[in-house]
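Q: As input, take entry.csv (CSV, C-alpha atoms):
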```csv
chain,number,residue,atom,x,y,z
Y,15,MET,CA,21.6,20.4,-14.5
Y,16,HIS,CA,20.3,21.6,-11.1
Y,17,PHE,CA,16.6,22.5,-10.8
Y,18,ASN,CA,14.5,23.7,-7.8
Y,19,VAL,CA,12.6,21.2,-5.8
Y,20,PHE,CA,9.3,21.9,-7.6
Y,21,THR,CA,10.9,21.4,-11.0
Y,22,GLU,CA,12.6,18.2,-10.0
Y,23,ILE,CA,9.4,16.7,-8.6
Y,24,SER,CA,7.4,17.8,-11.6
Y,25,ILE,CA,9.9,16.2,-14.1
Y,26,VAL,CA,10.2,13.0,-12.1
Y,27,ILE,CA,6.4,12.6,-11.8
Y,28,SER,CA,6.0,13.3,-15.5
Y,29,LEU,CA,8.7,10.7,-16.3
Y,30,GLY,CA,7.0,8.3,-13.8
Y,31,ALA,CA,3.6,8.7,-15.5
Y,32,VAL,CA,5.1,7.7,-18.9
Y,33,ILE,CA,6.9,4.6,-17.5
Y,34,ALA,CA,3.8,3.7,-15.5
Y,35,LEU,CA,1.8,3.6,-18.7
Y,36,ILE,CA,4.4,1.4,-20.3
Y,37,MET,CA,4.2,-1.0,-17.3
Y,38,ARG,CA,0.4,-1.1,-17.5
Y,39,MET,CA,0.6,-2.0,-21.2
Y,40,LEU,CA,3.1,-4.7,-20.3
Y,41,ARG,CA,0.8,-5.8,-17.5
Y,42,GLN,CA,3.6,-5.4,-14.9
Y,43,PRO,CA,3.2,-4.1,-11.3
Y,44,LEU,CA,3.4,-0.3,-11.2
Y,45,ILE,CA,5.9,-0.6,-8.3
Y,46,ILE,CA,8.5,-1.9,-10.8
Y,47,GLY,CA,7.8,1.2,-13.0
Y,48,HIS,CA,8.3,3.6,-10.1
Y,49,ILE,CA,11.6,2.0,-9.2
Y,50,ILE,CA,12.7,2.1,-12.8
Y,51,THR,CA,11.8,5.8,-12.9
Y,52,GLY,CA,14.0,6.4,-9.9
Y,53,VAL,CA,16.9,4.6,-11.5
Y,54,ILE,CA,16.5,6.6,-14.7
Y,55,ALA,CA,16.2,9.9,-12.8
Y,56,GLY,CA,19.1,9.0,-10.5
Y,57,PRO,CA,22.8,9.7,-10.9
Y,58,ALA,CA,23.4,6.7,-13.1
Y,59,PHE,CA,21.4,8.2,-16.0
Y,60,LEU,CA,19.6,11.6,-16.1
Y,61,ASN,CA,20.8,12.8,-12.7
Y,62,ILE,CA,17.7,14.9,-12.2
Y,63,ILE,CA,17.2,14.4,-8.4
Y,64,HIS,CA,19.5,16.6,-6.3
Y,65,ALA,CA,17.1,17.6,-3.5
Y,66,GLU,CA,17.5,14.2,-1.9
Y,67,SER,CA,16.5,15.4,1.6
Y,68,SER,CA,13.2,16.7,0.2
Y,69,PHE,CA,12.5,13.4,-1.6
Y,70,ALA,CA,13.4,11.4,1.5
Y,71,GLY,CA,11.0,13.5,3.6
Y,72,LEU,CA,8.1,12.9,1.1
Y,73,SER,CA,9.0,9.2,1.0
Y,74,SER,CA,8.8,8.9,4.8
Y,75,MET,CA,5.4,10.6,4.7
Y,76,GLY,CA,4.2,8.0,2.2
Y,77,VAL,CA,5.4,5.2,4.3
Y,78,ALA,CA,3.7,6.6,7.4
Y,79,LEU,CA,0.4,7.3,5.6
Y,80,LEU,CA,0.3,3.8,4.0
Y,81,LEU,CA,0.8,2.0,7.4
Y,82,PHE,CA,-1.6,4.4,9.2
Y,83,ILE,CA,-4.4,3.7,6.7
Y,84,ILE,CA,-3.7,-0.1,7.0
Y,85,GLY,CA,-3.9,0.3,10.8
Y,86,LEU,CA,-7.3,2.0,10.5
Y,87,ASP,CA,-8.7,-1.2,9.0
Y,88,LEU,CA,-7.4,-3.3,11.9
Y,89,SER,CA,-8.1,-3.5,15.6
Y,90,THR,CA,-6.5,-4.6,18.8
Y,91,ARG,CA,-8.8,-7.6,18.9
Y,92,ILE,CA,-7.3,-8.9,15.7
Y,93,PHE,CA,-3.7,-8.7,17.2
Y,94,SER,CA,-4.8,-10.4,20.4
Y,95,ARG,CA,-6.5,-13.2,18.5
Y,96,LEU,CA,-3.6,-13.8,16.1
Y,97,GLY,CA,-0.8,-13.2,18.7
Y,98,LYS,CA,0.2,-16.8,19.1
Y,99,ALA,CA,0.3,-17.5,15.3
Y,100,VAL,CA,2.3,-14.3,14.7
Y,101,LEU,CA,4.9,-15.0,17.5
Y,102,VAL,CA,5.4,-18.6,16.6
Y,103,THR,CA,5.7,-18.1,12.9
Y,104,SER,CA,7.9,-15.0,13.1
Y,105,SER,CA,10.2,-16.7,15.7
Y,106,VAL,CA,10.7,-19.8,13.6
Y,107,GLN,CA,11.1,-17.8,10.4
Y,108,ILE,CA,13.6,-15.3,11.8
Y,109,LEU,CA,15.8,-17.9,13.7
Y,110,ALA,CA,15.8,-20.4,10.8
Y,111,VAL,CA,16.6,-18.0,8.0
Y,112,THR,CA,19.2,-16.2,10.1
Y,113,ALA,CA,21.0,-19.5,11.0
Y,114,VAL,CA,21.0,-20.7,7.4
Y,115,GLY,CA,22.0,-17.3,6.1
Y,116,TYR,CA,24.9,-17.2,8.6
Y,117,LEU,CA,26.2,-20.6,7.5
Y,118,VAL,CA,26.0,-19.7,3.8
Y,119,SER,CA,27.6,-16.3,4.3
Y,120,GLN,CA,30.5,-18.0,6.3
Y,121,SER,CA,31.0,-20.4,3.3
Y,122,LEU,CA,31.2,-17.4,1.0
Y,123,GLY,CA,34.1,-15.9,3.0
Y,124,PHE,CA,32.4,-13.3,5.2
Y,125,SER,CA,33.5,-12.8,8.8
Y,126,ARG,CA,31.3,-14.0,11.7
Y,127,LEU,CA,29.9,-10.5,12.4
Y,128,GLU,CA,29.2,-9.9,8.7
Y,129,SER,CA,27.6,-13.3,8.3
Y,130,ALA,CA,25.4,-12.6,11.3
Y,131,ILE,CA,24.3,-9.3,9.9
Y,132,ILE,CA,23.6,-10.8,6.5
Y,133,GLY,CA,21.7,-13.8,8.0
Y,134,LEU,CA,19.5,-11.4,10.0
Y,135,ALA,CA,19.0,-9.1,7.0
Y,136,LEU,CA,17.8,-12.1,4.9
Y,137,SER,CA,15.2,-12.9,7.5
Y,138,LEU,CA,13.6,-9.5,7.4
Y,139,SER,CA,11.1,-8.3,4.9
Y,140,SER,CA,10.2,-4.9,3.4
Y,141,THR,CA,7.1,-3.8,5.3
Y,142,ILE,CA,6.3,-1.1,2.9
Y,143,ILE,CA,6.4,-3.2,-0.3
Y,144,ILE,CA,4.4,-6.1,1.2
Y,145,VAL,CA,1.7,-3.9,2.7
Y,146,LYS,CA,1.5,-2.0,-0.6
Y,147,LEU,CA,0.9,-5.2,-2.5
Y,148,PHE,CA,-1.8,-6.2,0.0
Y,149,ASN,CA,-3.4,-2.8,-0.3
Y,150,ASP,CA,-3.4,-2.9,-4.2
Y,151,LYS,CA,-5.1,-6.3,-4.1
Y,152,LYS,CA,-7.5,-5.1,-1.4
Y,153,GLU,CA,-6.7,-8.0,0.8
Y,154,THR,CA,-5.5,-6.3,4.0
Y,155,THR,CA,-8.5,-7.6,5.9
Y,156,ARG,CA,-7.9,-11.3,4.9
Y,157,LEU,CA,-6.6,-13.6,7.6
Y,158,TYR,CA,-3.3,-14.4,6.0
Y,159,ALA,CA,-2.6,-10.7,5.3
Y,160,GLN,CA,-3.3,-9.8,9.0
Y,161,ILE,CA,-0.9,-12.5,10.2
Y,162,THR,CA,1.7,-11.3,7.7
Y,163,ILE,CA,1.3,-7.7,8.9
Y,164,GLY,CA,1.8,-8.9,12.5
Y,165,ILE,CA,5.0,-10.8,11.5
Y,166,LEU,CA,6.3,-7.7,9.8
Y,167,LEU,CA,5.7,-5.8,13.0
Y,168,VAL,CA,7.8,-8.3,14.9
Y,169,GLN,CA,10.5,-8.2,12.3
Y,170,ASP,CA,10.6,-4.4,12.6
Y,171,ILE,CA,11.1,-4.7,16.4
Y,172,VAL,CA,13.9,-7.3,15.9
Y,173,ALA,CA,15.6,-5.0,13.3
Y,174,THR,CA,15.4,-2.1,15.8
Y,175,ALA,CA,16.9,-4.2,18.6
Y,176,ALA,CA,19.6,-5.4,16.2
Y,177,LYS,CA,20.5,-1.9,15.1
Y,178,ILE,CA,20.8,-0.8,18.8
Y,179,GLY,CA,23.0,-3.9,19.5
Y,180,LEU,CA,25.4,-3.1,16.6
Y,181,ALA,CA,25.6,0.6,17.6
Y,182,THR,CA,26.4,-0.2,21.2
Y,183,LYS,CA,28.8,-2.9,20.2
Y,184,ALA,CA,30.7,-0.3,18.2
Y,185,SER,CA,30.7,2.2,21.1
Y,186,GLY,CA,31.4,-0.4,23.8
Y,187,GLU,CA,28.3,0.6,25.9
Y,188,ASN,CA,25.7,-1.7,27.6
Y,189,SER,CA,23.3,-2.9,24.9
Y,190,ILE,CA,21.0,-4.6,27.4
Y,191,THR,CA,20.4,-1.3,29.2
Y,192,ASP,CA,19.7,0.5,25.9
Y,193,VAL,CA,17.2,-2.1,24.8
Y,194,ALA,CA,15.4,-1.9,28.1
Y,195,ILE,CA,15.2,1.9,27.8
Y,196,LEU,CA,13.9,1.5,24.3
Y,197,ILE,CA,11.2,-0.9,25.4
Y,198,SER,CA,10.1,1.3,28.2
Y,199,LYS,CA,9.9,4.3,25.9
Y,200,GLY,CA,7.8,2.3,23.4
Y,201,VAL,CA,5.4,1.0,26.1
Y,202,GLY,CA,5.1,4.6,27.4
Y,203,LEU,CA,4.2,5.9,23.9
Y,204,ILE,CA,1.7,3.1,23.4
Y,205,LEU,CA,0.0,3.9,26.7
Y,206,ILE,CA,-0.2,7.6,25.9
Y,207,MET,CA,-1.6,6.8,22.4
Y,208,TYR,CA,-4.3,4.5,23.6
Y,209,ALA,CA,-5.3,6.7,26.5
Y,210,GLY,CA,-5.7,9.6,24.1
Y,211,ALA,CA,-7.7,7.4,21.7
Y,212,ARG,CA,-10.0,6.1,24.4
Y,213,TYR,CA,-10.6,9.1,26.6
Y,214,ILE,CA,-9.8,12.3,24.6
Y,215,VAL,CA,-10.6,11.6,20.9
Y,216,PRO,CA,-14.2,10.4,21.6
Y,217,LYS,CA,-14.9,13.8,23.1
Y,218,LEU,CA,-13.9,15.4,19.7
Y,219,THR,CA,-16.3,13.2,17.7
Y,220,LYS,CA,-18.9,16.0,17.1
Y,221,ALA,CA,-16.3,18.5,15.9
Y,222,LEU,CA,-14.5,16.0,13.7
Y,223,GLU,CA,-17.7,14.6,12.1
Y,224,GLY,CA,-18.9,18.2,11.4
Y,225,SER,CA,-15.9,19.2,9.4
Y,226,LYS,CA,-14.2,17.1,6.7
Y,227,GLU,CA,-11.2,19.4,6.6
Y,228,LEU,CA,-10.7,19.1,10.4
Y,229,LEU,CA,-11.1,15.4,10.1
Y,230,LEU,CA,-8.4,15.2,7.5
Y,231,LEU,CA,-6.0,17.4,9.5
Y,232,PHE,CA,-6.6,15.5,12.7
Y,233,ALA,CA,-5.9,12.2,10.9
Y,234,LEU,CA,-2.7,13.6,9.4
Y,235,GLY,CA,-1.6,15.0,12.8
Y,236,TRP,CA,-2.3,11.8,14.7
Y,237,GLY,CA,-0.7,9.4,12.2
Y,238,LEU,CA,2.3,11.4,11.3
Y,239,GLY,CA,2.8,12.7,14.8
Y,240,PHE,CA,3.0,9.3,16.4
Y,241,ALA,CA,5.1,8.0,13.6
Y,242,ALA,CA,7.6,10.8,14.2
Y,243,LEU,CA,7.6,10.2,18.0
Y,244,PHE,CA,8.3,6.5,17.5
Y,245,GLU,CA,11.1,7.3,15.2
Y,246,LYS,CA,12.5,9.8,17.7
Y,247,VAL,CA,12.7,7.3,20.5
Y,248,GLY,CA,14.4,4.6,18.3
Y,249,PHE,CA,11.6,2.6,16.6
Y,250,SER,CA,10.7,2.7,12.9
Y,251,ILE,CA,8.2,5.0,11.3
Y,252,GLU,CA,6.2,1.9,10.2
Y,253,ILE,CA,5.6,0.7,13.8
Y,254,GLY,CA,4.4,4.1,15.0
Y,255,ALA,CA,2.1,4.8,12.0
Y,256,LEU,CA,0.5,1.3,12.1
Y,257,LEU,CA,-0.1,1.5,15.9
Y,258,ALA,CA,-1.5,5.0,15.5
Y,259,GLY,CA,-4.0,3.7,13.0
Y,260,VAL,CA,-4.9,0.7,15.1
Y,261,SER,CA,-5.6,3.0,18.1
Y,262,LEU,CA,-8.3,4.8,16.0
Y,263,ALA,CA,-9.7,1.7,14.2
Y,264,SER,CA,-12.7,1.4,16.6
Y,265,LEU,CA,-13.9,5.0,15.9
Y,266,PRO,CA,-17.1,5.3,13.8
Y,267,TYR,CA,-15.4,7.6,11.3
Y,268,SER,CA,-12.1,5.7,10.9
Y,269,SER,CA,-13.2,4.6,7.3
Y,270,GLU,CA,-13.9,8.2,6.5
Y,271,MET,CA,-10.4,9.1,7.6
Y,272,ALA,CA,-8.9,6.4,5.5
Y,273,SER,CA,-10.8,7.4,2.4
Y,274,ARG,CA,-9.7,11.1,2.7
Y,275,LEU,CA,-6.0,10.1,3.2
Y,276,LYS,CA,-5.8,7.7,0.3
Y,277,PRO,CA,-5.1,10.3,-2.5
Y,278,LEU,CA,-2.3,11.8,-0.4
Y,279,ARG,CA,-0.9,8.3,0.3
Y,280,ASP,CA,-0.8,7.3,-3.4
Y,281,PHE,CA,1.2,10.4,-4.3
Y,282,PHE,CA,3.7,10.0,-1.5
Y,283,ILE,CA,4.1,6.3,-2.1
Y,284,VAL,CA,5.0,6.9,-5.7
Y,285,ILE,CA,7.7,9.3,-4.5
Y,286,PHE,CA,9.0,6.6,-2.0
Y,287,PHE,CA,9.5,4.0,-4.8
Y,288,ILE,CA,11.1,6.6,-7.1
Y,289,THR,CA,13.5,7.5,-4.3
Y,290,LEU,CA,14.2,3.9,-3.7
Y,291,GLY,CA,15.2,3.4,-7.4
Y,292,GLN,CA,17.2,6.6,-7.4
Y,293,ALA,CA,19.5,5.2,-4.7
Y,294,MET,CA,20.3,2.2,-6.8
Y,295,THR,CA,23.5,2.6,-8.8
Y,296,PRO,CA,23.9,-0.2,-11.3
Y,297,GLY,CA,27.7,0.1,-11.4
Y,298,LYS,CA,28.0,-0.5,-7.6
Y,299,LEU,CA,25.9,-3.7,-7.9
Y,300,ILE,CA,28.1,-5.5,-10.3
Y,301,ASP,CA,30.8,-6.5,-7.7
Y,302,VAL,CA,28.3,-7.9,-5.3
Y,303,LEU,CA,25.9,-9.4,-7.9
Y,304,PRO,CA,27.1,-13.1,-7.5
Y,305,TYR,CA,26.6,-12.9,-3.7
Y,306,ALA,CA,23.3,-11.3,-4.1
Y,307,ILE,CA,22.1,-14.0,-6.5
Y,308,ILE,CA,23.2,-16.8,-4.2
Y,309,LEU,CA,21.6,-15.3,-1.1
Y,310,SER,CA,18.4,-14.4,-3.0
Y,311,LEU,CA,18.0,-18.0,-4.2
Y,312,LEU,CA,18.5,-19.0,-0.6
Y,313,VAL,CA,15.6,-16.8,0.6
Y,314,VAL,CA,13.4,-17.9,-2.3
```
Let me see whether you can do it: turn the structure in this file into structure tokens.
A:
Amino acid sequence: MHFNVFTEISIVISLGAVIALIMRMLRQPLIIGHIITGVIAGPAFLNIIHAESSFAGLSSMGVALLLFIIGLDLSTRIFSRLGKAVLVTSSVQILAVTAVGYLVSQSLGFSRLESAIIGLALSLSSTIIIVKLFNDKKETTRLYAQITIGILLVQDIVATAAKIGLATKASGENSITDVAILISKGVGLILIMYAGARYIVPKLTKALEGSKELLLLFALGWGLGFAALFEKVGFSIEIGALLAGVSLASLPYSSEMASRLKPLRDFFIVIFFITLGQAMTPGKLIDVLPYAIILSLLVV
């Protein structure tokens, strides 16, 4: 049965609330409950969700808000201090896991290109899930969490470059030129962002501090706006939102911004995990389950 978007969201949220209560009684992470809600509401069972583009848009907003708020708790000094640890760890981790994943995939009968893609995929982590767990545990300011967030950023950049490489390989164009253009666009956006945060935003301090509504709208516009710009030029939403938050982390009212955005973040993040579960079709997973188990054990 087809419903309008409001009805679909209302039914899914109500279902999610019931399953979240069950997860709480079972002392399980709520993330699992949200994903199960998506599976039940998806085409495999109740088939409630039909406005997939609307759910996808709300999910993207949740991702951007979560990373933006995390960025507000960080600063450029942290990244400069931890840069060496982040680069060394991420380089060793990505290269080692990709190489082992490639060899195992070859032994399972995949082609060279397929094995390379699988190996690289195994070396990449889910930024949104890991950051959400840090946030739930209130440990985003801990040293190990900050190093991990830095590694996730590097992984996102590697994933972006890999996607460009695959796309250009398929089209036969020059991938090196495309990567160089992408890097130049990213550097340009970062310069614009930090120039605005340093020279323009401080002049708005009096107005922003005097109106809580204006502060909320400014935070939403800054975080979502730069996340959209980074996605437009070829990077991920996560990179844009996190850097947007970091650029404002030194402002005296950054914590006030974060506190006002958290209720919105919580709602949209629930939608994200429900949408993630909705995309999972159990029937399609059966054929690849043996490979998935072997490769998952490899990563663990």
Q: For Ala70 of chain Y, please output as a CSV table (one decimal) with C-alpha atoms, in the coordinates of the input all residues within 12 Å (counting all atoms listed in the file; exclusion window: fewer than 3 positions along the same chain).
A:
```csv
chain,number,residue,atom,x,y,z
Y,63,ILE,CA,17.2,14.4,-8.4
Y,64,HIS,CA,19.5,16.6,-6.3
Y,65,ALA,CA,17.1,17.6,-3.5
Y,66,GLU,CA,17.5,14.2,-1.9
Y,67,SER,CA,16.5,15.4,1.6
Y,73,SER,CA,9.0,9.2,1.0
Y,74,SER,CA,8.8,8.9,4.8
Y,75,MET,CA,5.4,10.6,4.7
Y,76,GLY,CA,4.2,8.0,2.2
Y,77,VAL,CA,5.4,5.2,4.3
Y,282,PHE,CA,3.7,10.0,-1.5
Y,283,ILE,CA,4.1,6.3,-2.1
Y,284,VAL,CA,5.0,6.9,-5.7
Y,285,ILE,CA,7.7,9.3,-4.5
Y,286,PHE,CA,9.0,6.6,-2.0
Y,287,PHE,CA,9.5,4.0,-4.8
Y,288,ILE,CA,11.1,6.6,-7.1
Y,289,THR,CA,13.5,7.5,-4.3
Y,290,LEU,CA,14.2,3.9,-3.7
Y,292,GLN,CA,17.2,6.6,-7.4
Y,293,ALA,CA,19.5,5.2,-4.7
```
Q: Restricting the calculation to only C-alpha atoms, which member of Y:Pro216, Y:Gly164, Y:Gly248, Y:Gly52 is positioned closest to Ser105 of chain Y?
A: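 Smallest distance to Ser105 of chain Y is found for Y:Gly164.
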Q: Pick out the residues sitting within 12 Å of Ala211 of chain Y, and hand them over as a list in words; count all atoms listed in the file, and ignore anything fewer than 5 positions along from it in its own chain.
A: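 Once the nearby chain positions are removed, what remains is Ile204, Leu205, Ile206, Pro216, Lys217, Leu218, Thr219, Ala233, Trp236, Gly237, Leu257, Ala258, Gly259, Val260, Ser261, Leu262, Ala263, Ser264, Leu265 and Ser268 of chain Y.
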Q: How many Å separate atom CA of Glu252 of chain Y from atom CA of Leu79 of chain Y?
A: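 Atom CA of Leu79 of chain Y lies at a distance of 9.2 Å from atom CA of Glu252 of chain Y.
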Q: List the spatial neighbours of segment 127-131 of chain Y as a tab-separated table (two decimals) with C-alpha atoms, keeping the file's coordinate frame - criterion: any atom at most 10 Å away, all atoms listed in the file, same-chain residues fewer than 6 positions off excluded.
A:
```
chain	number	residue	atom	x	y	z
Y	112	THR	CA	19.20	-16.20	10.10
Y	113	ALA	CA	21.00	-19.50	11.00
Y	114	VAL	CA	21.00	-20.70	7.40
Y	115	GLY	CA	22.00	-17.30	6.10
Y	116	TYR	CA	24.90	-17.20	8.60
Y	117	LEU	CA	26.20	-20.60	7.50
Y	118	VAL	CA	26.00	-19.70	3.80
Y	119	SER	CA	27.60	-16.30	4.30
Y	120	GLN	CA	30.50	-18.00	6.30
Y	121	SER	CA	31.00	-20.40	3.30
Y	176	ALA	CA	19.60	-5.40	16.20
Y	177	LYS	CA	20.50	-1.90	15.10
Y	180	LEU	CA	25.40	-3.10	16.60
```
Q: Using atom CA of Ile161 of chain Y and atom CA of Leu88 of chain Y as the two end points, give the distance in Å to one decimal.
A: 11.4 Å
Q: Quick check, in Å to one decimal: how far apart do atom CA of Ala306 of chain Y and atom CA of Ile253 of chain Y lie?
A: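 Spanning atom CA of Ala306 of chain Y to atom CA of Ile253 of chain Y is a straight-line distance of 27.9 Å.
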Q: I'd like to know which of Y:Leu203, Y:Leu80, Y:Ile108, Y:Ile27 is closest to Asp170 of chain Y, using all atoms listed in the file.
A: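 For Asp170 of chain Y, the nearest of the given residues is Y:Ile108.
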Q: Give me the residues within 12 Å of Leu167 of chain Y as an MDAnalysis selection string, counting all atoms listed in the file and dropping any in the same chain fewer than 2 places off.
A: chainID Y and resid 81 85 93 97 100:101 104 138:142 144:145 160:165 169:174 249:257
Q: For Leu109 of chain Y, which residue among Y:Thr21, Y:Ser125, Y:Thr155, Y:Ser137 is the nearest when counting all atoms listed in the file?
A: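 Looking at the shortest contact to Leu109 of chain Y, the residue is Y:Ser137.
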Q: From the set Y:Val302, Y:Ile190, Y:Leu166, Y:Ala78, which residue has the shortest atom-to-atom contact distance to Ala241 of chain Y, counting only C-alpha atoms?
A: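 Smallest separation from Ala241 of chain Y among the options: Y:Ala78.
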Q: Looking at Y:Arg274, Y:Val193, Y:Lys298, Y:Ile50, which one is nearest to Leu228 of chain Y, with distances taken over all atoms listed in the file?
A: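 Checking each of Y:Arg274, Y:Val193, Y:Lys298, Y:Ile50 against Leu228 of chain Y, counting all atoms listed in the file, the winner is Y:Arg274.
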Q: Since the input is missing atoms, can you rebuild all heavy atoms for segment 220-228 of chain Y and write them as an mmCIF file, keeping the file's coordinate frame?
A:
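Okay, result.cif is ready:
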```
data_model
loop_
_atom_site.group_PDB
_atom_site.id
_atom_site.type_symbol
_atom_site.label_atom_id
_atom_site.label_comp_id
_atom_site.auth_asym_id
_atom_site.auth_seq_id
_atom_site.Cartn_x
_atom_site.Cartn_y
_atom_site.Cartn_z
ATOM 1 N N LYS Y 220 -17.976 15.018 17.722
ATOM 2 C CA LYS Y 220 -18.900 16.000 17.100
ATOM 3 C C LYS Y 220 -18.216 16.959 16.221
ATOM 4 O O LYS Y 220 -18.647 17.241 15.097
ATOM 5 C CB LYS Y 220 -19.721 16.682 18.198
ATOM 6 C CG LYS Y 220 -20.839 17.552 17.644
ATOM 7 C CD LYS Y 220 -21.666 18.151 18.764
ATOM 8 C CE LYS Y 220 -22.805 19.015 18.190
ATOM 9 N NZ LYS Y 220 -23.636 19.616 19.276
ATOM 10 N N ALA Y 221 -17.100 17.494 16.705
ATOM 11 C CA ALA Y 221 -16.300 18.500 15.900
ATOM 12 C C ALA Y 221 -15.728 17.846 14.680
ATOM 13 O O ALA Y 221 -15.748 18.428 13.588
ATOM 14 C CB ALA Y 221 -15.262 19.115 16.787
ATOM 15 N N LEU Y 222 -15.188 16.638 14.827
ATOM 16 C CA LEU Y 222 -14.500 16.000 13.700
ATOM 17 C C LEU Y 222 -15.525 15.552 12.640
ATOM 18 O O LEU Y 222 -15.253 15.668 11.442
ATOM 19 C CB LEU Y 222 -13.741 14.763 14.205
ATOM 20 C CG LEU Y 222 -12.537 15.067 15.104
ATOM 21 C CD1 LEU Y 222 -11.934 13.784 15.635
ATOM 22 C CD2 LEU Y 222 -11.485 15.870 14.357
ATOM 23 N N GLU Y 223 -16.672 15.049 13.058
ATOM 24 C CA GLU Y 223 -17.700 14.600 12.100
ATOM 25 C C GLU Y 223 -18.330 15.804 11.381
ATOM 26 O O GLU Y 223 -18.865 15.665 10.282
ATOM 27 C CB GLU Y 223 -18.747 13.779 12.784
ATOM 28 C CG GLU Y 223 -18.250 12.410 13.213
ATOM 29 C CD GLU Y 223 -19.340 11.576 13.857
ATOM 30 O OE1 GLU Y 223 -20.299 12.145 14.411
ATOM 31 O OE2 GLU Y 223 -19.219 10.330 13.794
ATOM 32 N N GLY Y 224 -18.268 16.984 12.004
ATOM 33 C CA GLY Y 224 -18.900 18.200 11.400
ATOM 34 C C GLY Y 224 -18.053 18.886 10.407
ATOM 35 O O GLY Y 224 -18.540 19.776 9.704
ATOM 36 N N SER Y 225 -16.769 18.558 10.312
ATOM 37 C CA SER Y 225 -15.900 19.200 9.400
ATOM 38 C C SER Y 225 -14.949 18.235 8.733
ATOM 39 O O SER Y 225 -14.110 17.628 9.400
ATOM 40 C CB SER Y 225 -15.066 20.312 10.127
ATOM 41 O OG SER Y 225 -14.077 20.861 9.276
ATOM 42 N N LYS Y 226 -15.086 18.054 7.426
ATOM 43 C CA LYS Y 226 -14.200 17.100 6.700
ATOM 44 C C LYS Y 226 -12.786 17.570 6.665
ATOM 45 O O LYS Y 226 -11.854 16.757 6.701
ATOM 46 C CB LYS Y 226 -14.777 16.901 5.293
ATOM 47 C CG LYS Y 226 -16.152 16.251 5.265
ATOM 48 C CD LYS Y 226 -16.664 16.063 3.854
ATOM 49 C CE LYS Y 226 -18.032 15.374 3.863
ATOM 50 N NZ LYS Y 226 -18.563 15.190 2.494
ATOM 51 N N GLU Y 227 -12.594 18.888 6.598
ATOM 52 C CA GLU Y 227 -11.200 19.400 6.600
ATOM 53 C C GLU Y 227 -10.546 19.164 7.932
ATOM 54 O O GLU Y 227 -9.379 18.769 7.980
ATOM 55 C CB GLU Y 227 -11.262 20.917 6.305
ATOM 56 C CG GLU Y 227 -9.885 21.549 6.223
ATOM 57 C CD GLU Y 227 -9.946 23.032 5.919
ATOM 58 O OE1 GLU Y 227 -11.059 23.539 5.655
ATOM 59 O OE2 GLU Y 227 -8.899 23.687 5.940
ATOM 60 N N LEU Y 228 -11.286 19.382 9.023
ATOM 61 C CA LEU Y 228 -10.700 19.100 10.400
ATOM 62 C C LEU Y 228 -10.435 17.657 10.548
ATOM 63 O O LEU Y 228 -9.418 17.294 11.156
ATOM 64 C CB LEU Y 228 -11.704 19.627 11.418
ATOM 65 C CG LEU Y 228 -11.277 19.433 12.882
ATOM 66 C CD1 LEU Y 228 -9.955 20.131 13.153
ATOM 67 C CD2 LEU Y 228 -12.353 19.938 13.824
#
```
